[in-house]
file upload.txt (compact mmCIF, C-alpha atoms)
# COMPACT_ATOMS: atom_id res chain seq x y z
CA MET H 1210 146.90 -139.72 199.60
CA PRO H 1211 145.33 -136.74 197.72
CA THR H 1212 144.06 -137.40 194.19
CA ALA H 1213 144.69 -135.18 191.18
CA LYS H 1214 141.30 -133.54 191.81
CA ASP H 1215 142.08 -132.91 195.49
CA LEU H 1216 145.31 -131.23 194.47
CA GLN H 1217 143.46 -128.69 192.36
CA ALA H 1218 141.93 -127.26 195.54
CA LEU H 1219 145.30 -126.82 197.25
CA GLY H 1220 147.52 -123.74 197.16
CA ASP H 1221 150.85 -123.70 195.34
CA GLN H 1222 152.84 -124.07 198.56
CA GLU H 1223 150.96 -127.19 199.63
CA VAL H 1224 151.34 -128.76 196.20
CA VAL H 1225 155.05 -127.99 196.28
CA GLU H 1226 155.37 -129.69 199.67
CA LEU H 1227 153.69 -132.82 198.28
CA ALA H 1228 155.99 -132.72 195.26
CA LYS H 1229 158.99 -132.47 197.56
CA ALA H 1230 157.73 -135.63 199.26
CA GLY H 1231 157.97 -137.37 195.90
CA ARG H 1232 154.32 -137.34 194.74
CA GLU H 1233 154.26 -137.47 190.96
CA THR H 1234 150.66 -136.17 190.86
CA ALA H 1235 151.84 -133.00 192.60
CA TYR H 1236 154.47 -132.45 189.89
CA ARG H 1237 151.81 -132.90 187.23
CA GLU H 1238 149.51 -130.44 189.03
CA LEU H 1239 152.23 -127.76 189.02
CA LEU H 1240 152.75 -128.42 185.32
CA ARG H 1241 149.01 -128.20 184.66
CA ARG H 1242 148.77 -124.88 186.52
CA TYR H 1243 151.72 -123.16 184.91
CA GLU H 1244 152.23 -124.69 181.45
CA ARG H 1245 149.98 -122.13 179.73
CA PRO H 1246 151.08 -118.97 181.57
CA VAL H 1247 154.76 -119.89 181.25
CA PHE H 1248 154.49 -120.93 177.62
CA SER H 1249 152.41 -117.84 176.72
CA LEU H 1250 154.95 -115.52 178.34
CA ILE H 1251 157.93 -117.15 176.65
CA PHE H 1252 156.18 -117.44 173.27
CA ARG H 1253 155.24 -113.76 173.28
CA MET H 1254 158.82 -112.92 174.20
CA VAL H 1255 160.67 -115.04 171.64
CA ARG H 1256 157.99 -115.30 168.91
CA ASP H 1257 158.81 -118.85 167.88
CA ARG H 1258 156.70 -121.83 168.94
CA ALA H 1259 159.40 -124.51 168.78
CA LEU H 1260 161.89 -122.32 170.60
CA ALA H 1261 159.26 -121.32 173.16
CA GLU H 1262 158.49 -124.99 173.84
CA ASP H 1263 162.18 -125.74 174.35
CA LEU H 1264 162.56 -122.80 176.72
CA ALA H 1265 159.35 -123.66 178.59
CA GLN H 1266 160.56 -127.23 178.98
CA GLU H 1267 163.93 -125.98 180.20
CA THR H 1268 162.13 -123.69 182.68
CA PHE H 1269 160.02 -126.52 184.09
CA LEU H 1270 163.00 -128.85 184.35
CA LYS H 1271 164.98 -126.22 186.26
CA VAL H 1272 162.06 -125.57 188.59
CA LEU H 1273 160.90 -129.14 189.18
CA ASN H 1274 164.40 -130.57 189.58
CA ALA H 1275 165.27 -127.85 192.07
CA LEU H 1276 162.13 -127.91 194.21
CA GLY H 1277 164.32 -128.90 197.17
CA SER H 1278 165.99 -125.50 197.08
CA TYR H 1279 162.69 -123.58 196.76
CA ARG H 1280 162.15 -121.18 199.65
CA PRO H 1281 158.50 -121.02 200.67
CA GLU H 1282 158.69 -117.39 201.79
CA TYR H 1283 158.61 -116.46 198.07
CA LYS H 1284 155.60 -117.01 195.85
CA PHE H 1285 156.01 -120.08 193.67
CA SER H 1286 154.54 -118.21 190.69
CA SER H 1287 157.18 -115.46 191.08
CA TRP H 1288 159.93 -118.08 191.10
CA ILE H 1289 158.74 -119.87 187.99
CA PHE H 1290 158.05 -116.65 186.06
CA LYS H 1291 161.48 -115.37 187.03
CA ILE H 1292 163.16 -118.46 185.59
CA ALA H 1293 160.95 -118.33 182.48
CA ASN H 1294 161.69 -114.65 181.95
CA ASN H 1295 165.43 -115.16 182.41
CA ALA H 1296 165.37 -118.00 179.88
CA ALA H 1297 163.54 -115.81 177.35
CA ILE H 1298 165.74 -112.75 177.94
CA ASP H 1299 168.91 -114.86 177.63
CA GLN H 1300 167.61 -116.24 174.35
CA LEU H 1301 166.78 -112.76 173.05
CA ARG H 1302 170.25 -111.56 173.98
CA ARG H 1303 171.81 -114.49 172.16
CA ARG H 1304 169.81 -113.90 169.06
CA GLU H 1305 168.36 -110.78 167.53
CA LEU H 1306 164.82 -111.87 166.79
CA ASP H 1307 162.58 -110.21 164.28
CA THR H 1308 159.55 -108.45 165.59
CA LEU H 1309 156.35 -110.46 165.69
CA SER H 1310 155.10 -111.97 162.51
CA LEU H 1311 151.51 -113.04 162.75
CA ASP H 1312 152.17 -115.17 159.71
CA GLY H 1313 154.41 -117.43 161.78
CA SER H 1314 157.99 -117.74 162.92
CA PRO H 1315 160.71 -116.18 160.78
CA ASP H 1316 162.36 -119.62 160.86
CA ALA H 1317 159.28 -121.38 159.48
CA ARG H 1318 160.00 -122.88 156.06
CA THR H 1319 157.02 -125.07 155.24
CA ALA H 1320 153.30 -124.26 155.28
CA ASP H 1321 152.82 -126.53 158.30
CA GLU H 1322 155.57 -124.76 160.20
CA VAL H 1323 154.08 -121.38 159.33
CA GLU H 1324 150.68 -122.50 160.61
CA ALA H 1325 152.14 -124.08 163.72
CA THR H 1326 154.09 -120.97 164.67
CA ALA H 1327 151.45 -118.39 163.81
CA LEU H 1328 149.77 -116.52 166.63
CA GLN H 1329 146.03 -116.90 166.84
CA ALA H 1330 144.21 -113.68 167.64
CA THR H 1331 141.23 -113.89 169.98
CA ASP H 1332 137.92 -114.52 168.32
CA ARG H 1333 135.32 -112.58 170.30
CA ALA H 1334 133.34 -110.89 167.56
CA GLU H 1335 129.80 -111.63 166.62
CA THR H 1336 129.53 -110.36 163.07
CA PRO H 1337 132.02 -110.89 160.22
CA LEU H 1338 132.93 -107.19 160.30
CA GLU H 1339 133.45 -107.24 164.07
CA GLU H 1340 135.43 -110.44 163.72
CA LEU H 1341 137.65 -108.82 161.10
CA GLU H 1342 138.12 -105.73 163.27
CA SER H 1343 138.79 -107.86 166.34
CA ARG H 1344 141.33 -109.98 164.49
CA GLU H 1345 143.03 -106.87 163.16
CA THR H 1346 143.14 -105.23 166.58
CA GLY H 1347 144.38 -108.42 168.21
CA ALA H 1348 147.01 -108.78 165.52
CA ALA H 1349 148.01 -105.14 165.89
CA ILE H 1350 148.40 -105.46 169.67
CA GLU H 1351 150.48 -108.62 169.27
CA GLN H 1352 152.67 -106.81 166.74
CA ALA H 1353 152.93 -103.78 168.96
CA ILE H 1354 153.99 -105.92 171.95
CA GLY H 1355 156.62 -107.54 169.76
CA ARG H 1356 158.13 -104.11 169.10
CA LEU H 1357 158.49 -103.21 172.78
CA ARG H 1358 161.80 -103.50 174.64
CA PRO H 1359 162.03 -106.97 176.25
CA GLU H 1360 161.80 -105.48 179.77
CA TYR H 1361 158.66 -103.54 178.88
CA ARG H 1362 157.26 -106.61 177.16
CA THR H 1363 157.69 -108.80 180.24
CA CYS H 1364 156.16 -106.15 182.50
CA ILE H 1365 153.13 -105.51 180.30
CA LEU H 1366 152.50 -109.23 179.69
CA LEU H 1367 152.76 -110.14 183.37
CA ARG H 1368 150.59 -107.21 184.45
CA HIS H 1369 147.84 -107.11 181.85
CA VAL H 1370 147.83 -110.61 180.34
CA GLU H 1371 148.72 -112.76 183.36
CA GLY H 1372 147.17 -110.37 185.89
CA ARG H 1373 150.14 -110.32 188.28
CA THR H 1374 150.58 -107.60 190.89
CA TYR H 1375 153.21 -104.87 190.60
CA GLU H 1376 154.98 -106.33 193.64
CA GLU H 1377 155.17 -109.78 192.07
CA ILE H 1378 156.47 -108.34 188.79
CA ALA H 1379 159.13 -106.45 190.75
CA GLU H 1380 160.12 -109.74 192.40
CA VAL H 1381 160.16 -111.60 189.09
CA MET H 1382 162.30 -108.98 187.38
CA ASP H 1383 164.49 -108.02 190.34
CA LEU H 1384 163.53 -104.39 189.87
CA PRO H 1385 162.31 -101.70 192.28
CA LEU H 1386 158.53 -101.30 192.41
CA GLY H 1387 158.75 -97.75 191.02
CA THR H 1388 160.73 -98.93 188.00
CA VAL H 1389 158.12 -101.59 187.25
CA LYS H 1390 155.34 -99.00 187.37
CA THR H 1391 157.34 -96.70 185.09
CA TYR H 1392 158.02 -99.53 182.62
CA ILE H 1393 154.34 -100.45 182.47
CA HIS H 1394 153.33 -96.81 182.02
CA ARG H 1395 155.86 -96.32 179.22
CA ALA H 1396 154.91 -99.61 177.60
CA ARG H 1397 151.28 -98.56 177.50
CA LEU H 1398 152.24 -95.21 175.99
CA GLU H 1399 154.30 -96.98 173.35
CA LEU H 1400 151.48 -99.40 172.61
CA ARG H 1401 149.15 -96.44 172.15
CA GLU H 1402 151.60 -94.84 169.75
CA TYR H 1403 151.99 -98.05 167.78
CA LEU H 1404 148.24 -98.41 167.57
CA ALA H 1405 147.70 -94.75 166.68
CA ASP H 1406 147.15 -95.65 163.05
CA LEU H 1407 143.80 -97.09 164.13
CA LYS H 1408 142.72 -93.50 164.63
CA THR H 1409 142.75 -92.95 160.93
CA MET S 1358 139.30 -99.57 159.04
CA ARG S 1359 137.52 -97.73 161.82
CA ASP S 1360 134.76 -95.32 160.97
CA LYS S 1361 135.11 -93.19 164.03
CA GLN S 1362 138.11 -91.40 165.33
CA LEU S 1363 139.61 -92.77 168.52
CA ASP S 1364 140.95 -90.30 171.05
CA ASP S 1365 143.78 -91.12 173.47
CA SER S 1366 141.55 -92.37 176.27
CA ASP S 1367 139.61 -94.60 173.87
CA LEU S 1368 142.87 -95.93 172.55
CA ASP S 1369 144.14 -96.58 176.08
CA LEU S 1370 140.96 -98.46 176.91
CA LEU S 1371 141.29 -100.42 173.69
CA VAL S 1372 144.88 -101.34 174.56
CA LEU S 1373 143.88 -102.50 178.04
CA ARG S 1374 140.90 -104.47 176.73
CA GLU S 1375 142.97 -106.16 174.06
CA LEU S 1376 145.76 -106.97 176.51
CA SER S 1377 143.42 -108.50 179.07
CA SER S 1378 141.71 -110.61 176.42
CA MET S 1379 144.83 -111.92 174.74
CA PRO S 1380 144.52 -115.70 174.45
CA SER S 1381 146.42 -118.00 176.76
CA LEU S 1382 148.61 -120.10 174.53
CA ALA S 1383 149.18 -123.79 175.11
CA PRO S 1384 152.25 -125.84 174.25
CA SER S 1385 151.84 -128.82 171.94
CA ARG S 1386 150.19 -132.04 173.07
CA GLY S 1387 152.39 -134.27 175.20
CA PHE S 1388 154.34 -131.34 176.68
CA ARG S 1389 153.66 -132.46 180.26
CA ASP S 1390 154.73 -136.04 179.53
CA ARG S 1391 157.93 -134.83 177.87
CA VAL S 1392 158.77 -132.71 180.90
CA MET S 1393 157.84 -135.46 183.37
CA ALA S 1394 160.06 -137.92 181.49
CA ARG S 1395 163.05 -135.74 182.32
CA VAL S 1396 162.15 -134.82 185.90
CA SER S 1397 163.90 -136.79 188.60
CA LEU S 1398 161.39 -137.48 191.34
CA PRO S 1399 162.85 -137.45 194.85
CA LYS S 1400 163.03 -140.82 196.62
CA PRO S 1401 161.27 -141.13 200.01
CA ALA S 1402 163.53 -139.85 202.81
CA PRO S 1403 163.75 -143.16 204.79
CA LEU S 1404 164.81 -145.00 201.62
CA VAL S 1405 167.49 -142.38 200.91
CA ARG S 1406 168.81 -142.68 204.48
CA LEU S 1407 168.82 -146.48 204.26
CA GLN S 1408 170.65 -146.40 200.91
CA ARG S 1409 173.21 -143.93 202.27
CA ALA S 1410 173.74 -146.02 205.38
CA GLY S 1411 174.07 -149.17 203.26
CA ALA S 1412 176.56 -147.55 200.89
CA TRP S 1413 178.53 -146.19 203.85
CA ALA S 1414 178.62 -149.50 205.71
CA LEU S 1415 179.41 -151.67 202.69
CA GLN S 1416 182.77 -150.09 201.94
CA PRO S 1417 185.37 -152.87 202.66
CA ARG S 1418 187.25 -151.12 205.46
CA ARG S 1419 184.10 -149.89 207.20
CA ALA S 1420 182.42 -153.30 206.82
CA ALA S 1421 185.45 -154.99 208.43
CA ALA S 1422 185.50 -152.42 211.25
CA LEU S 1423 181.75 -152.88 211.87
CA ALA S 1424 182.07 -156.69 211.94
CA THR S 1425 185.00 -156.46 214.36
CA ALA S 1426 183.10 -154.04 216.60
CA TYR S 1427 180.05 -156.32 216.58
CA ALA S 1428 182.14 -159.40 217.48
CA ALA S 1429 183.86 -157.42 220.26
CA CYS S 1430 180.48 -156.38 221.71
CA VAL S 1431 179.21 -159.98 221.71
CA LEU S 1432 182.44 -161.25 223.29
CA ALA S 1433 182.41 -158.52 225.96
CA THR S 1434 178.79 -159.30 226.81
CA ILE S 1435 179.55 -163.01 227.20
CA LEU S 1436 182.63 -162.30 229.30
CA LEU S 1437 180.75 -159.91 231.57
CA ALA S 1438 177.52 -161.90 231.81
CA GLY S 1439 179.17 -165.33 232.26
CA PRO S 1440 180.45 -164.89 235.84
CA TRP S 1441 177.20 -163.19 236.89
CA VAL S 1442 175.10 -166.07 235.50
CA ALA S 1443 177.37 -168.60 237.22
CA ALA S 1444 177.02 -166.77 240.54
CA HIS S 1445 173.21 -166.63 240.32
CA ALA S 1446 172.55 -170.01 238.67
CA GLY S 1447 170.11 -171.22 241.32
CA VAL S 1448 167.93 -168.12 241.31
CA LEU S 1449 167.94 -168.02 237.49
CA ALA S 1450 166.88 -171.71 237.28
CA VAL S 1451 163.90 -171.13 239.59
CA ALA S 1452 162.86 -167.94 237.80
CA GLY S 1453 163.25 -169.65 234.43
CA SER S 1454 161.12 -172.66 235.36
CA TRP S 1455 158.46 -170.32 236.80
CA VAL S 1456 158.28 -168.32 233.55
CA VAL S 1457 158.21 -171.48 231.39
CA ALA S 1458 155.46 -173.03 233.52
CA HIS S 1459 153.26 -169.95 233.42
CA VAL S 1460 153.75 -169.20 229.71
CA GLY S 1461 153.14 -172.90 228.93
CA ALA S 1462 149.91 -172.82 230.93
CA TRP S 1463 148.69 -169.69 229.06
CA VAL S 1464 149.51 -171.18 225.66
CA ASN S 1465 147.82 -174.46 226.64
CA ALA S 1466 144.69 -172.66 227.85
CA GLY S 1467 144.57 -170.62 224.63
CA LEU S 1468 144.88 -173.67 222.37
CA MET S 1469 142.22 -175.50 224.36
CA ALA S 1470 139.86 -172.53 224.06
CA VAL S 1471 140.34 -172.38 220.26
CA ALA S 1472 139.86 -176.16 219.91
CA THR S 1473 136.72 -176.12 222.07
CA TRP S 1474 135.26 -173.26 220.05
CA GLY S 1475 136.10 -175.06 216.80
CA VAL S 1476 134.31 -178.24 217.87
CA ARG S 1477 131.28 -176.56 219.45
CA SER S 1478 130.69 -174.06 216.63
CA GLY S 1479 130.84 -176.77 213.95
CA VAL S 1480 133.83 -175.23 212.11
CA VAL S 1481 135.84 -178.43 212.41
CA GLN S 1482 132.95 -180.48 211.07
CA ALA S 1483 132.46 -178.06 208.16
CA LEU S 1484 136.17 -178.21 207.26
CA ARG S 1485 136.14 -182.00 207.40
CA GLU S 1486 133.15 -182.10 205.04
CA ALA S 1487 134.64 -179.49 202.72
CA PHE S 1488 137.99 -181.18 202.21
CA GLY S 1489 136.98 -184.75 202.96
CA THR S 1490 140.07 -186.36 201.60
CA GLY S 1491 143.71 -185.32 201.72
CA LEU S 1492 143.66 -184.91 197.92
CA ARG S 1493 141.08 -182.11 198.11
CA LEU S 1494 143.07 -180.34 200.80
CA TRP S 1495 146.23 -180.45 198.68
CA ALA S 1496 144.31 -179.20 195.62
CA THR S 1497 142.99 -176.22 197.64
CA LEU S 1498 146.43 -175.42 199.00
CA ALA S 1499 147.96 -175.63 195.50
CA THR S 1500 145.25 -173.30 194.08
CA ALA S 1501 145.84 -170.81 196.89
CA ALA S 1502 149.59 -170.92 196.25
CA LEU S 1503 149.03 -170.34 192.52
CA LEU S 1504 146.67 -167.43 193.19
CA TYR S 1505 149.18 -165.89 195.59
CA THR S 1506 152.03 -166.19 193.06
CA GLY S 1507 149.80 -164.82 190.27
CA SER S 1508 148.80 -161.83 192.39
CA GLY S 1509 152.43 -161.14 193.21
CA TYR S 1510 153.39 -161.22 189.54
CA GLY S 1511 150.40 -159.01 188.65
CA LEU S 1512 151.48 -156.41 191.20
CA HIS S 1513 155.03 -156.54 189.87
CA VAL S 1514 153.79 -155.82 186.31
CA LEU S 1515 151.47 -153.03 187.48
CA LEU S 1516 154.21 -151.33 189.47
CA LYS S 1517 156.55 -151.45 186.49
CA ALA S 1518 154.03 -149.80 184.13
CA PRO S 1519 154.70 -146.09 184.99
CA ARG S 1520 158.41 -146.52 184.40
CA ARG S 1521 157.68 -147.89 180.95
CA SER S 1522 155.45 -144.92 180.12
CA HIS S 1523 158.29 -142.56 181.13
CA GLU S 1524 160.65 -144.40 178.85
CA LEU S 1525 158.08 -144.07 176.07
CA GLY S 1526 157.79 -140.34 176.77
CA ARG S 1527 161.56 -140.00 176.61
CA ALA S 1528 161.68 -141.85 173.34
CA LEU S 1529 159.04 -139.52 171.86
call {"tool": "encode", "arguments": {"input": "upload.txt", "output": "structure tokens"}}
result
Amino acid sequence: MPTAKDLQALGDQEVVELAKAGRETAYRELLRRYERPVFSLIFRMVRDRALAEDLAQETFLKVLNALGSYRPEYKFSSWIFKIANNAAIDQLRRRELDTLSLDGSPDARTADEVEATALQATDRAETPLEELESRETGAAIEQAIGRLRPEYRTCILLRHVEGRTYEEIAEVMDLPLGTVKTYIHRARLELREYLADLKT
Amino acid sequence: MRDKQLDDSDLDLLVLRELSSMPSLAPSRGFRDRVMARVSLPKPAPLVRLQRAGAWALQPRRAAALATAYAACVLATILLAGPWVAAHAGVLAVAGSWVVAHVGAWVNAGLMAVATWGVRSGVVQALREAFGTGLRLWATLATAALLYTGSGYGLHVLLKAPRRSHELGRAL
């Protein structure tokens, strides 16, 4: 019986097969692999930590409880991202969300909630000035992504944040490959426009 | 904020760099346990088949039909085999006594071999010295029985533990 460490060396398909056979460790391995990418995608779509957790949980429950119907000719990652994206898009359609607030969710009422829902920009700088610039650029890019159309947002996040291929994004979004490339091109143009104030 | 002007290509590079270095966000602690508490793990396939077969067979009408069919099979076998056995009683008696004699001889030889080995190797002597009296033998047997029961209970508790942790996760 493979241990949790052995499972880390296996591909998604093999882990799925073990999960289908009822191995709890295989379920946990799938969760370990995808909890961050799925949560990151949903969070950056809906901009609310509590809501993103609910939607991520819903996504995993749908996926893990329906492993029996999973068809191995498709990539597992495409399947899970598709369900996550649909959950986020459905939520956005149900509710007009504000654009990203780096100060936390628009629903946050207490200081703790504000802190818990705030996005943390990457800290890569070495000097205080660089850190400030990096934080500001990171914040600006997060804000700019929040202002994109949901379809563009999904495409740009999957391509440039999660590093997925154009083909996989097309599969996730049920769109032709050309449309995905166009969306990503337009999204990058829009991001450039939003960030144009950095020129000054 | 920036001292230098950024042209379009610089800005594009900046966008790509910032996108590729955006942090991966994690859900709150305990997320995996909360999900696992609500996932229904599939039961092993043989167990599912057995449960289905049991549920199917235990419905009153089906159970009655199965019992009737079983009784009919037994009765038919007796009815068919009876005349044949009666017709070949002599041959069957000879064959039967031959089988019993040979199997008995093998069992006897085996027991003798074990007993001889026990006496020659000193195992019997060692056992006699170890237990000495009947009281010691009964004490050893009682300890073994207690250990066996304790191990069984321990396994039962250990196997129940994961279910309890799921219930805890659900409660959280």
call {"tool": "axis_aligned_box", "arguments": {"input": "upload.txt", "around": "region 1431-1441 of chain S", "padding_each_side": "4 Å", "output": "JSON"}}
result
{"center_x": 179.9, "center_y": -161.9, "center_z": 229.3, "size_x": 13.4, "size_y": 14.8, "size_z": 23.2}
call {"tool": "residues_around", "arguments": {"input": "upload.txt", "residues": "Leu1373 (chain S)", "least_positions_apart": "4", "cutoff": "9 Å", "atoms": "all atoms listed in the file", "output": "PyMOL selection string"}}
result
(chain H and resi 1369+1397) or (chain S and resi 1368-1369+1377-1378)
call {"tool": "write_last_selection", "arguments": {"input": "upload.txt", "atoms": "C-alpha atoms", "output": "CSV table (one decimal), in the frame of the given file"}}
result
chain,number,residue,atom,x,y,z
H,1369,HIS,CA,147.8,-107.1,181.8
H,1397,ARG,CA,151.3,-98.6,177.5
S,1368,LEU,CA,142.9,-95.9,172.6
S,1369,ASP,CA,144.1,-96.6,176.1
S,1377,SER,CA,143.4,-108.5,179.1
S,1378,SER,CA,141.7,-110.6,176.4
call {"tool": "interface_residues", "arguments": {"input": "upload.txt", "of": "chain S", "to": "chain H", "cutoff": "12 Å", "atoms": "only C-alpha atoms", "output": "VMD selection string"}}
result
chain S and resid 1358 to 1405 1519 to 1520 1523
call {"tool": "atom_distance", "arguments": {"input": "upload.txt", "atom1": "CA of Glu1226 (chain H)", "atom2": "CA of Tyr1283 (chain H)"}}
result
13.7 Å
call {"tool": "atom_distance", "arguments": {"input": "upload.txt", "atom1": "CA of Met1469 (chain S)", "atom2": "CA of Leu1498 (chain S)"}}
result
25.7 Å
call {"tool": "residues_around", "arguments": {"input": "upload.txt", "residues": "Thr1212 (chain H)", "least_positions_apart": "2", "cutoff": "12 Å", "atoms": "all atoms listed in the file", "output": "short mmCIF file (atom, residue, chain, number, x, y, z; two decimals) with C-alpha atoms, keeping the file's coordinate frame"}}
result
data_model
loop_
_atom_site.label_atom_id
_atom_site.label_comp_id
_atom_site.auth_asym_id
_atom_site.auth_seq_id
_atom_site.Cartn_x
_atom_site.Cartn_y
_atom_site.Cartn_z
CA MET H 1210 146.90 -139.72 199.60
CA LYS H 1214 141.30 -133.54 191.81
CA ASP H 1215 142.08 -132.91 195.49
CA LEU H 1216 145.31 -131.23 194.47
CA GLN H 1217 143.46 -128.69 192.36
CA ALA H 1218 141.93 -127.26 195.54
CA LEU H 1219 145.30 -126.82 197.25
CA VAL H 1224 151.34 -128.76 196.20
CA LEU H 1227 153.69 -132.82 198.28
CA ARG H 1232 154.32 -137.34 194.74
CA GLU H 1233 154.26 -137.47 190.96
CA THR H 1234 150.66 -136.17 190.86
CA ALA H 1235 151.84 -133.00 192.60
CA ARG H 1237 151.81 -132.90 187.23
CA GLU H 1238 149.51 -130.44 189.03
#
call {"tool": "atom_distance", "arguments": {"input": "upload.txt", "atom1": "CA of Ala1293 (chain H)", "atom2": "CA of Tyr1392 (chain H)"}}
result
19.0 Å
call {"tool": "closest_residue", "arguments": {"input": "upload.txt", "among": "H:Arg1242, H:Arg1356, H:Arg1362, H:Lys1284", "to": "Ile1298 (chain H)", "atoms": "all atoms listed in the file"}}
result
H:Arg1362
call {"tool": "residues_around", "arguments": {"input": "upload.txt", "residues": "Lys1291 (chain H)", "least_positions_apart": "6", "cutoff": "10 Å", "atoms": "only C-alpha atoms", "output": "VMD selection string"}}
result
chain H and resid 1247 1268 1285 1297 1377 to 1383
call {"tool": "decode", "arguments": {"input": "upload.txt", "residues": "region 1439-1458 of chain S", "atoms": "N, CA and C atoms", "output": "compact mmCIF listing (two decimals), in the first residue's frame"}}
result
# COMPACT_ATOMS: atom_id res chain seq x y z
N GLY S 1439 -29.83 -41.69 -4.48
CA GLY S 1439 -30.25 -42.85 -3.68
C GLY S 1439 -30.23 -44.17 -4.44
N PRO S 1440 -30.96 -44.28 -5.56
CA PRO S 1440 -30.98 -45.55 -6.30
C PRO S 1440 -29.59 -45.96 -6.80
N TRP S 1441 -28.80 -44.94 -7.20
CA TRP S 1441 -27.44 -45.25 -7.71
C TRP S 1441 -26.58 -45.84 -6.58
N VAL S 1442 -26.66 -45.24 -5.39
CA VAL S 1442 -25.89 -45.72 -4.24
C VAL S 1442 -26.33 -47.15 -3.90
N ALA S 1443 -27.65 -47.37 -3.92
CA ALA S 1443 -28.17 -48.70 -3.59
C ALA S 1443 -27.66 -49.76 -4.59
N ALA S 1444 -27.60 -49.34 -5.86
CA ALA S 1444 -27.17 -50.29 -6.90
C ALA S 1444 -25.68 -50.61 -6.81
N HIS S 1445 -24.89 -49.66 -6.27
CA HIS S 1445 -23.44 -49.87 -6.23
C HIS S 1445 -22.92 -49.97 -4.80
N ALA S 1446 -23.75 -50.47 -3.89
CA ALA S 1446 -23.40 -50.49 -2.46
C ALA S 1446 -22.12 -51.28 -2.19
N GLY S 1447 -21.95 -52.40 -2.84
CA GLY S 1447 -20.77 -53.24 -2.60
C GLY S 1447 -19.49 -52.53 -2.98
N VAL S 1448 -19.48 -52.01 -4.20
CA VAL S 1448 -18.28 -51.31 -4.70
C VAL S 1448 -17.96 -50.13 -3.80
N LEU S 1449 -18.99 -49.36 -3.43
CA LEU S 1449 -18.79 -48.17 -2.60
C LEU S 1449 -18.20 -48.54 -1.23
N ALA S 1450 -18.68 -49.68 -0.66
CA ALA S 1450 -18.19 -50.12 0.66
C ALA S 1450 -16.71 -50.45 0.59
N VAL S 1451 -16.30 -51.15 -0.46
CA VAL S 1451 -14.88 -51.52 -0.61
C VAL S 1451 -14.03 -50.26 -0.80
N ALA S 1452 -14.50 -49.38 -1.71
CA ALA S 1452 -13.74 -48.14 -1.97
C ALA S 1452 -13.64 -47.31 -0.70
N GLY S 1453 -14.74 -47.23 0.03
CA GLY S 1453 -14.77 -46.44 1.26
C GLY S 1453 -13.79 -46.98 2.29
N SER S 1454 -13.79 -48.30 2.49
CA SER S 1454 -12.90 -48.87 3.51
C SER S 1454 -11.44 -48.71 3.09
N TRP S 1455 -11.18 -48.74 1.76
CA TRP S 1455 -9.81 -48.54 1.27
C TRP S 1455 -9.34 -47.12 1.58
N VAL S 1456 -10.20 -46.15 1.29
CA VAL S 1456 -9.85 -44.73 1.55
C VAL S 1456 -9.63 -44.51 3.04
N VAL S 1457 -10.54 -45.04 3.88
CA VAL S 1457 -10.44 -44.84 5.33
C VAL S 1457 -9.15 -45.46 5.85
N ALA S 1458 -8.82 -46.68 5.36
CA ALA S 1458 -7.62 -47.36 5.83
C ALA S 1458 -6.36 -46.57 5.47
